[in-house]
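Enquirer: Here you go, upload-v5.pdb (PDB, C-alpha atoms, pLDDT in the B column):
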```pdb
MODEL        1
ATOM      1  CA  MET A 170       7.089-202.441-159.078  1.00 93.00           C
ATOM      2  CA  CYS A 171      10.722-201.448-159.065  1.00 95.00           C
ATOM      3  CA  PRO A 172      13.135-199.701-161.425  1.00 97.00           C
ATOM      4  CA  ILE A 173      15.284-201.687-163.820  1.00 97.00           C
ATOM      5  CA  ASP A 174      19.003-201.098-163.213  1.00 97.00           C
ATOM      6  CA  LEU A 175      20.094-199.123-166.277  1.00 95.00           C
ATOM      7  CA  THR A 176      23.770-199.895-165.688  1.00 94.00           C
ATOM      8  CA  LEU A 177      22.959-203.480-166.690  1.00 95.00           C
ATOM      9  CA  VAL A 178      21.201-202.509-169.931  1.00 96.00           C
ATOM     10  CA  GLU A 179      23.179-202.594-173.177  1.00 96.00           C
ATOM     11  CA  LYS A 180      21.435-199.777-175.051  1.00 95.00           C
ATOM     12  CA  SER A 181      22.939-200.683-178.392  1.00 95.00           C
ATOM     13  CA  MET A 182      21.162-204.035-178.303  1.00 97.00           C
ATOM     14  CA  LEU A 183      17.676-202.562-177.800  1.00 97.00           C
ATOM     15  CA  SER A 184      15.270-201.629-180.540  1.00 96.00           C
ATOM     16  CA  SER A 185      13.527-198.257-180.372  1.00 96.00           C
ATOM     17  CA  GLU A 186      10.338-200.068-179.274  1.00 97.00           C
ATOM     18  CA  GLU A 187      12.185-201.770-176.418  1.00 97.00           C
ATOM     19  CA  LYS A 188      13.682-198.465-175.291  1.00 97.00           C
ATOM     20  CA  GLU A 189      10.237-196.870-175.334  1.00 97.00           C
ATOM     21  CA  TRP A 190       8.812-199.778-173.325  1.00 97.00           C
ATOM     22  CA  LEU A 191      11.542-199.359-170.701  1.00 97.00           C
ATOM     23  CA  ASN A 192      11.020-195.593-170.489  1.00 97.00           C
ATOM     24  CA  SER A 193       7.253-196.068-170.238  1.00 98.00           C
ATOM     25  CA  TYR A 194       7.680-198.651-167.493  1.00 98.00           C
ATOM     26  CA  HIS A 195       9.956-196.316-165.538  1.00 98.00           C
ATOM     27  CA  ARG A 196       7.417-193.472-165.842  1.00 98.00           C
ATOM     28  CA  LYS A 197       4.746-195.817-164.469  1.00 98.00           C
ATOM     29  CA  VAL A 198       6.981-196.955-161.584  1.00 98.00           C
ATOM     30  CA  TYR A 199       7.709-193.361-160.572  1.00 98.00           C
ATOM     31  CA  LYS A 200       4.082-192.236-160.864  1.00 98.00           C
ATOM     32  CA  LYS A 201       2.780-195.125-158.743  1.00 98.00           C
ATOM     33  CA  LEU A 202       5.446-195.135-156.026  1.00 98.00           C
ATOM     34  CA  ALA A 203       6.427-191.469-155.583  1.00 98.00           C
ATOM     35  CA  PRO A 204       3.321-190.427-153.590  1.00 98.00           C
ATOM     36  CA  TYR A 205       4.269-192.912-150.855  1.00 98.00           C
ATOM     37  CA  LEU A 206       7.879-191.756-150.509  1.00 98.00           C
ATOM     38  CA  THR A 207       9.705-188.997-148.691  1.00 98.00           C
ATOM     39  CA  THR A 208      11.276-186.193-150.711  1.00 98.00           C
ATOM     40  CA  GLY A 209      14.701-187.838-150.470  1.00 98.00           C
ATOM     41  CA  GLU A 210      13.331-191.183-151.568  1.00 98.00           C
ATOM     42  CA  GLN A 211      11.526-189.521-154.470  1.00 98.00           C
ATOM     43  CA  GLU A 212      14.810-187.985-155.635  1.00 98.00           C
ATOM     44  CA  TRP A 213      16.491-191.399-155.482  1.00 98.00           C
ATOM     45  CA  LEU A 214      13.633-192.988-157.436  1.00 98.00           C
ATOM     46  CA  LYS A 215      13.667-190.191-160.014  1.00 98.00           C
ATOM     47  CA  GLU A 216      17.347-190.917-160.706  1.00 97.00           C
ATOM     48  CA  LYS A 217      16.743-194.676-160.900  1.00 97.00           C
ATOM     49  CA  THR A 218      13.814-194.268-163.307  1.00 97.00           C
ATOM     50  CA  ARG A 219      15.484-191.729-165.573  1.00 96.00           C
ATOM     51  CA  PRO A 220      14.803-192.174-169.285  1.00 96.00           C
ATOM     52  CA  LEU A 221      17.102-194.347-171.340  1.00 92.00           C
ATOM     53  CA  LEU A 222      18.377-192.085-174.107  1.00 85.00           C
TER      54      LEU A 222
ENDMDL
END
```
Since I need it in another form, could you write the structure as C-alpha coordinates?
Expert:
Amino acid sequence: MCPIDLTLVEKSMLSSEEKEWLNSYHRKVYKKLAPYLTTGEQEWLKEKTRPLL
(Lines of atoms letter the chains of each structure in order from A and count residues from 1; the text may use other names and numbers.)
(Lines give C-alpha, C1' and ligand atoms only; values in the text may rest on other atoms or scores of the structure.)
Protein backbone atom coordinates (compact mmCIF):
# COMPACT_ATOMS: atom_id res chain seq x y z
CA MET A 1 0.00 0.00 0.00
CA CYS A 2 1.25 3.44 -0.87
CA PRO A 3 -0.26 6.85 -1.59
CA ILE A 4 -1.03 7.92 -5.14
CA ASP A 5 0.88 11.08 -6.11
CA LEU A 6 -1.85 13.72 -6.35
CA THR A 7 0.35 16.06 -8.38
CA LEU A 8 -0.02 13.58 -11.25
CA VAL A 9 -3.82 13.42 -11.05
CA GLU A 10 -5.86 15.63 -13.38
CA LYS A 11 -8.89 16.26 -11.17
CA SER A 12 -11.01 17.63 -13.97
CA MET A 13 -10.86 14.29 -15.75
CA LEU A 14 -12.19 12.26 -12.80
CA SER A 15 -15.80 11.47 -12.12
CA SER A 16 -17.16 11.99 -8.61
CA GLU A 17 -17.06 8.19 -8.11
CA GLU A 18 -13.39 8.08 -9.09
CA LYS A 19 -12.57 10.92 -6.71
CA GLU A 20 -14.38 9.11 -3.90
CA TRP A 21 -12.50 5.90 -4.69
CA LEU A 22 -9.18 7.74 -4.50
CA ASN A 23 -10.09 9.44 -1.22
CA SER A 24 -11.29 6.14 0.23
CA TYR A 25 -8.08 4.42 -0.84
CA HIS A 26 -5.99 7.14 0.78
CA ARG A 27 -7.96 6.83 4.04
CA LYS A 28 -7.28 3.08 4.00
CA VAL A 29 -3.56 3.59 3.30
CA TYR A 30 -3.22 6.01 6.21
CA LYS A 31 -5.22 3.84 8.62
CA LYS A 32 -3.19 0.71 7.84
CA LEU A 33 0.29 2.24 7.76
CA ALA A 34 0.21 5.03 10.38
CA PRO A 35 0.46 2.74 13.45
CA TYR A 36 3.85 1.49 12.22
CA LEU A 37 5.35 4.94 11.63
CA THR A 38 7.04 7.59 13.72
CA THR A 39 5.23 10.86 14.36
CA GLY A 40 7.23 12.58 11.61
CA GLU A 41 6.50 9.81 9.15
CA GLN A 42 2.81 9.95 10.05
CA GLU A 43 2.75 13.67 9.27
CA TRP A 44 4.38 13.01 5.89
CA LEU A 45 1.87 10.25 5.12
CA LYS A 46 -1.05 12.43 6.22
CA GLU A 47 0.00 15.07 3.68
CA LYS A 48 0.48 12.48 0.93
CA THR A 49 -2.93 10.90 1.57
CA ARG A 50 -4.86 14.16 1.85
CA PRO A 51 -8.30 14.15 0.25
CA LEU A 52 -8.67 15.15 -3.37
CA LEU A 53 -11.13 18.04 -3.34
Enquirer: Just the residues within 7 Å of segment 192-206 of chain A, please, counting only C-alpha atoms, with nothing from its chain fewer than 5 positions along; format it as a PyMOL selection string.
Expert: chain A and resi 170-172+211+214-215+218+220-221
Enquirer: In Å, rounded to a single decimal, give me how far atom CA of Glu179 of chain A is from atom CA of Lys217 of chain A.
Expert: 16.0 Å
Enquirer: Grab all the atoms of segment 180-191 of chain A that the file lists, wrap them in a box along x, y and z, add 5 Å per side, and give me centre plus edge lengths in Å (one decimal) as lines of an AutoDock Vina configuration file.
Expert:
```
center_x = 15.9
center_y = -200.5
center_z = -175.6
size_x = 24.1
size_y = 17.2
size_z = 19.8
```
Enquirer: Compare A:Glu216, A:Ser185, A:Leu191, A:Glu210 by their minimum atom-to-atom distance to Ile173 of chain A, counting only C-alpha atoms, and give me the closest one.
Expert: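 Of all the options, A:Leu191 lies closest to Ile173 of chain A.
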Enquirer: At what distance in Å, to one decimal, does atom CA of Thr208 of chain A lie from atom CA of Trp190 of chain A?
Expert: 26.5 Å
